[in-house]
Amino acid sequence: MGALKIDCYCNETQMEKIISMVTKHLNESDRTEVSDFDDVIGDVRVCAEFESYMDSVVLKAAEVLDDDWDLLDEDSAVLSSRLRAVLEEYNRNDKEVLYQAHHILKDRLF
């Protein structure tokens, strides 16, 4: 099955920069209370809402808006899809770190 062609306002370089900045925001945030991301990147506004529960961070909403603050549907869909993949890795890495820390503490006790 072939890939769908999506006509986005942002090019690949812009989208990668957006993903990079949101990922940096995630890594700098307190995991138990990740603040929402709302910033102008280039000529678009990027808004992402996160929610933390049960030791996981999930994406509630992600939007890309043009310079008139109109929603760019295709770009928002691409951003949401890519951020979900970023969050899967983010949560998986956190679980691995906790698992390793637990085993290190257990080894020290015995």
# chains A, B, ... in the order shown; residues from 1 in each chain; ligands from 1
>>> select_by_dssp(residues="stretch 6-67 of chain A", states="helix (DSSP H, G or I)", output="PyMOL selection string")
chain A and resi 12-28+31-33
>>> residues_around(residues="A:Ala77", least_positions_apart="2", cutoff="12 Å", atoms="only C-alpha atoms", output="list in words")
Ile6, Asp7, Cys8, Tyr9, Cys10, Met15, Ala48, Ala61, Ala62, Glu63, Val64, Leu65, Leu71, Leu72, Asp73, Glu74, Asp75, Leu79, Ser80, Ser81, Arg82, Leu83 and Arg84 of chain A
>>> atom_distance(atom1="atom CA of A:Tyr53", atom2="atom CA of A:Lys17")
27.4 Å
>>> residues_around(residues="A:Phe37", least_positions_apart="3", cutoff="10 Å", atoms="only C-alpha atoms", output="JSON, numbers by chain")
{"A": [21, 22, 25, 26, 34, 46, 47, 48, 49, 50, 62]}
>>> write_last_selection(atoms="all heavy atoms", output="short mmCIF file (atom, residue, chain, number, x, y, z; two decimals), in the first residue's frame")
data_model
loop_
_atom_site.label_atom_id
_atom_site.label_comp_id
_atom_site.auth_asym_id
_atom_site.auth_seq_id
_atom_site.Cartn_x
_atom_site.Cartn_y
_atom_site.Cartn_z
N MET A 21 11.82 21.15 18.68
CA MET A 21 11.56 22.11 19.75
C MET A 21 10.55 21.57 20.77
O MET A 21 10.72 21.78 21.98
CB MET A 21 11.10 23.45 19.17
CG MET A 21 12.23 24.16 18.43
SD MET A 21 11.78 25.80 17.87
CE MET A 21 11.71 26.68 19.42
N VAL A 22 9.55 20.86 20.32
CA VAL A 22 8.57 20.27 21.24
C VAL A 22 9.24 19.16 22.04
O VAL A 22 9.01 19.02 23.26
CB VAL A 22 7.31 19.77 20.51
CG1 VAL A 22 6.36 19.08 21.47
CG2 VAL A 22 6.60 20.93 19.81
N HIS A 25 11.27 20.70 24.71
CA HIS A 25 10.34 21.15 25.76
C HIS A 25 9.97 19.98 26.68
O HIS A 25 9.97 20.13 27.91
CB HIS A 25 9.10 21.76 25.12
CG HIS A 25 7.98 22.01 26.08
ND1 HIS A 25 7.98 23.06 26.96
CD2 HIS A 25 6.82 21.33 26.30
CE1 HIS A 25 6.87 23.02 27.68
NE2 HIS A 25 6.15 21.97 27.30
N LEU A 26 9.67 18.84 26.10
CA LEU A 26 9.32 17.65 26.89
C LEU A 26 10.47 17.24 27.80
O LEU A 26 10.28 16.94 28.98
CB LEU A 26 8.96 16.48 25.98
CG LEU A 26 7.58 16.47 25.37
CD1 LEU A 26 7.49 15.38 24.31
CD2 LEU A 26 6.53 16.28 26.44
N VAL A 34 3.84 18.06 32.82
CA VAL A 34 4.36 18.67 31.59
C VAL A 34 3.47 19.84 31.20
O VAL A 34 2.27 19.67 31.01
CB VAL A 34 4.43 17.64 30.44
CG1 VAL A 34 4.93 18.31 29.17
CG2 VAL A 34 5.34 16.48 30.81
N VAL A 46 2.60 27.00 17.00
CA VAL A 46 2.48 25.59 17.35
C VAL A 46 1.96 25.49 18.78
O VAL A 46 2.52 26.09 19.70
CB VAL A 46 3.84 24.87 17.23
CG1 VAL A 46 3.71 23.41 17.65
CG2 VAL A 46 4.38 24.99 15.83
N CYS A 47 0.88 24.74 18.95
CA CYS A 47 0.29 24.52 20.26
C CYS A 47 0.18 23.02 20.49
O CYS A 47 -0.32 22.29 19.63
CB CYS A 47 -1.11 25.13 20.34
SG CYS A 47 -1.18 26.88 19.93
N ALA A 48 0.67 22.57 21.64
CA ALA A 48 0.56 21.15 22.00
C ALA A 48 0.17 21.05 23.47
O ALA A 48 0.77 21.71 24.31
CB ALA A 48 1.87 20.42 21.74
N GLU A 49 -0.85 20.27 23.74
CA GLU A 49 -1.32 20.05 25.10
C GLU A 49 -0.98 18.63 25.51
O GLU A 49 -1.21 17.67 24.76
CB GLU A 49 -2.83 20.24 25.20
CG GLU A 49 -3.29 21.65 24.96
CD GLU A 49 -4.80 21.77 25.09
OE1 GLU A 49 -5.36 21.22 26.06
OE2 GLU A 49 -5.40 22.40 24.21
N PHE A 50 -0.43 18.50 26.72
CA PHE A 50 -0.03 17.20 27.24
C PHE A 50 -0.76 16.92 28.54
O PHE A 50 -1.20 17.82 29.23
CB PHE A 50 1.49 17.19 27.51
CG PHE A 50 2.31 17.48 26.30
CD1 PHE A 50 2.80 18.76 26.08
CD2 PHE A 50 2.58 16.51 25.36
CE1 PHE A 50 3.56 19.06 24.95
CE2 PHE A 50 3.33 16.79 24.23
CZ PHE A 50 3.82 18.07 24.03
N ALA A 62 -2.72 18.76 19.40
CA ALA A 62 -1.59 19.41 18.73
C ALA A 62 -2.15 20.17 17.54
O ALA A 62 -2.90 19.62 16.74
CB ALA A 62 -0.56 18.38 18.28
#
>>> residues_around(residues="stretch 92-103 of chain A", least_positions_apart="5", cutoff="9 Å", atoms="only C-alpha atoms", output="list in words")
Asp55, Ser56, Leu87 and Arg108 of chain A
>>> decode(residues="stretch 79-90 of chain A", atoms="all heavy atoms", output="PDB file, in the first residue's frame")
ATOM      1  N   LEU A  79       1.773  16.727  12.699  1.00  0.00           N
ATOM      2  CA  LEU A  79       2.388  17.007  14.006  1.00  0.00           C
ATOM      3  C   LEU A  79       1.882  16.028  15.054  1.00  0.00           C
ATOM      4  O   LEU A  79       2.679  15.455  15.802  1.00  0.00           O
ATOM      5  CB  LEU A  79       2.088  18.454  14.421  1.00  0.00           C
ATOM      6  CG  LEU A  79       2.597  18.868  15.798  1.00  0.00           C
ATOM      7  CD1 LEU A  79       4.119  18.780  15.862  1.00  0.00           C
ATOM      8  CD2 LEU A  79       2.120  20.270  16.141  1.00  0.00           C
ATOM      9  N   SER A  80       0.588  15.795  15.105  1.00  0.00           N
ATOM     10  CA  SER A  80       0.024  14.854  16.081  1.00  0.00           C
ATOM     11  C   SER A  80       0.603  13.458  15.909  1.00  0.00           C
ATOM     12  O   SER A  80       0.987  12.808  16.883  1.00  0.00           O
ATOM     13  CB  SER A  80      -1.498  14.783  15.942  1.00  0.00           C
ATOM     14  OG  SER A  80      -2.080  15.995  16.299  1.00  0.00           O
ATOM     15  N   SER A  81       0.674  13.011  14.686  1.00  0.00           N
ATOM     16  CA  SER A  81       1.206  11.681  14.407  1.00  0.00           C
ATOM     17  C   SER A  81       2.662  11.557  14.847  1.00  0.00           C
ATOM     18  O   SER A  81       3.046  10.581  15.498  1.00  0.00           O
ATOM     19  CB  SER A  81       1.079  11.387  12.913  1.00  0.00           C
ATOM     20  OG  SER A  81       1.677  10.168  12.593  1.00  0.00           O
ATOM     21  N   ARG A  82       3.444  12.537  14.505  1.00  0.00           N
ATOM     22  CA  ARG A  82       4.871  12.477  14.859  1.00  0.00           C
ATOM     23  C   ARG A  82       5.087  12.634  16.360  1.00  0.00           C
ATOM     24  O   ARG A  82       5.972  11.995  16.934  1.00  0.00           O
ATOM     25  CB  ARG A  82       5.647  13.528  14.081  1.00  0.00           C
ATOM     26  CG  ARG A  82       5.687  13.200  12.598  1.00  0.00           C
ATOM     27  CD  ARG A  82       6.599  14.101  11.851  1.00  0.00           C
ATOM     28  NE  ARG A  82       6.530  13.830  10.411  1.00  0.00           N
ATOM     29  CZ  ARG A  82       7.309  14.407   9.533  1.00  0.00           C
ATOM     30  NH1 ARG A  82       8.224  15.281   9.907  1.00  0.00           N
ATOM     31  NH2 ARG A  82       7.173  14.116   8.263  1.00  0.00           N
ATOM     32  N   LEU A  83       4.292  13.470  17.011  1.00  0.00           N
ATOM     33  CA  LEU A  83       4.443  13.637  18.453  1.00  0.00           C
ATOM     34  C   LEU A  83       4.021  12.383  19.209  1.00  0.00           C
ATOM     35  O   LEU A  83       4.597  12.065  20.240  1.00  0.00           O
ATOM     36  CB  LEU A  83       3.650  14.848  18.949  1.00  0.00           C
ATOM     37  CG  LEU A  83       4.260  16.202  18.667  1.00  0.00           C
ATOM     38  CD1 LEU A  83       3.369  17.320  19.189  1.00  0.00           C
ATOM     39  CD2 LEU A  83       5.656  16.321  19.256  1.00  0.00           C
ATOM     40  N   ARG A  84       3.049  11.668  18.690  1.00  0.00           N
ATOM     41  CA  ARG A  84       2.662  10.409  19.344  1.00  0.00           C
ATOM     42  C   ARG A  84       3.828   9.416  19.324  1.00  0.00           C
ATOM     43  O   ARG A  84       4.078   8.722  20.304  1.00  0.00           O
ATOM     44  CB  ARG A  84       1.423   9.818  18.688  1.00  0.00           C
ATOM     45  CG  ARG A  84       0.165  10.525  19.118  1.00  0.00           C
ATOM     46  CD  ARG A  84      -1.112   9.824  18.662  1.00  0.00           C
ATOM     47  NE  ARG A  84      -2.270  10.596  19.033  1.00  0.00           N
ATOM     48  CZ  ARG A  84      -2.851  11.514  18.274  1.00  0.00           C
ATOM     49  NH1 ARG A  84      -2.399  11.752  17.053  1.00  0.00           N
ATOM     50  NH2 ARG A  84      -3.886  12.202  18.705  1.00  0.00           N
ATOM     51  N   ALA A  85       4.549   9.377  18.222  1.00  0.00           N
ATOM     52  CA  ALA A  85       5.725   8.502  18.133  1.00  0.00           C
ATOM     53  C   ALA A  85       6.815   8.969  19.103  1.00  0.00           C
ATOM     54  O   ALA A  85       7.467   8.147  19.765  1.00  0.00           O
ATOM     55  CB  ALA A  85       6.254   8.472  16.707  1.00  0.00           C
ATOM     56  N   VAL A  86       7.005  10.274  19.202  1.00  0.00           N
ATOM     57  CA  VAL A  86       7.991  10.827  20.143  1.00  0.00           C
ATOM     58  C   VAL A  86       7.612  10.468  21.567  1.00  0.00           C
ATOM     59  O   VAL A  86       8.459  10.057  22.372  1.00  0.00           O
ATOM     60  CB  VAL A  86       8.113  12.367  19.971  1.00  0.00           C
ATOM     61  CG1 VAL A  86       8.862  13.002  21.128  1.00  0.00           C
ATOM     62  CG2 VAL A  86       8.780  12.714  18.656  1.00  0.00           C
ATOM     63  N   LEU A  87       6.333  10.593  21.900  1.00  0.00           N
ATOM     64  CA  LEU A  87       5.873  10.282  23.251  1.00  0.00           C
ATOM     65  C   LEU A  87       5.965   8.798  23.577  1.00  0.00           C
ATOM     66  O   LEU A  87       6.232   8.426  24.721  1.00  0.00           O
ATOM     67  CB  LEU A  87       4.449  10.789  23.459  1.00  0.00           C
ATOM     68  CG  LEU A  87       4.350  12.300  23.659  1.00  0.00           C
ATOM     69  CD1 LEU A  87       2.902  12.748  23.606  1.00  0.00           C
ATOM     70  CD2 LEU A  87       4.994  12.725  24.957  1.00  0.00           C
ATOM     71  N   GLU A  88       5.752   7.941  22.593  1.00  0.00           N
ATOM     72  CA  GLU A  88       5.927   6.498  22.830  1.00  0.00           C
ATOM     73  C   GLU A  88       7.357   6.211  23.253  1.00  0.00           C
ATOM     74  O   GLU A  88       7.594   5.482  24.216  1.00  0.00           O
ATOM     75  CB  GLU A  88       5.576   5.708  21.569  1.00  0.00           C
ATOM     76  CG  GLU A  88       4.112   5.579  21.296  1.00  0.00           C
ATOM     77  CD  GLU A  88       3.819   4.841  19.999  1.00  0.00           C
ATOM     78  OE1 GLU A  88       4.713   4.136  19.480  1.00  0.00           O
ATOM     79  OE2 GLU A  88       2.687   4.985  19.494  1.00  0.00           O
ATOM     80  N   GLU A  89       8.318   6.782  22.547  1.00  0.00           N
ATOM     81  CA  GLU A  89       9.729   6.586  22.892  1.00  0.00           C
ATOM     82  C   GLU A  89      10.054   7.235  24.232  1.00  0.00           C
ATOM     83  O   GLU A  89      10.763   6.662  25.058  1.00  0.00           O
ATOM     84  CB  GLU A  89      10.632   7.156  21.800  1.00  0.00           C
ATOM     85  CG  GLU A  89      12.101   6.934  22.083  1.00  0.00           C
ATOM     86  CD  GLU A  89      12.998   7.446  20.975  1.00  0.00           C
ATOM     87  OE1 GLU A  89      12.519   7.698  19.857  1.00  0.00           O
ATOM     88  OE2 GLU A  89      14.202   7.609  21.245  1.00  0.00           O
ATOM     89  N   TYR A  90       9.533   8.420  24.460  1.00  0.00           N
ATOM     90  CA  TYR A  90       9.749   9.155  25.712  1.00  0.00           C
ATOM     91  C   TYR A  90       9.272   8.323  26.904  1.00  0.00           C
ATOM     92  O   TYR A  90       9.992   8.155  27.890  1.00  0.00           O
ATOM     93  CB  TYR A  90       8.993  10.478  25.620  1.00  0.00           C
ATOM     94  CG  TYR A  90       9.060  11.361  26.826  1.00  0.00           C
ATOM     95  CD1 TYR A  90      10.157  12.177  27.065  1.00  0.00           C
ATOM     96  CD2 TYR A  90       7.984  11.435  27.716  1.00  0.00           C
ATOM     97  CE1 TYR A  90      10.202  13.027  28.162  1.00  0.00           C
ATOM     98  CE2 TYR A  90       8.017  12.279  28.812  1.00  0.00           C
ATOM     99  CZ  TYR A  90       9.126  13.068  29.033  1.00  0.00           C
ATOM    100  OH  TYR A  90       9.164  13.908  30.113  1.00  0.00           O
TER     101      TYR A  90
END
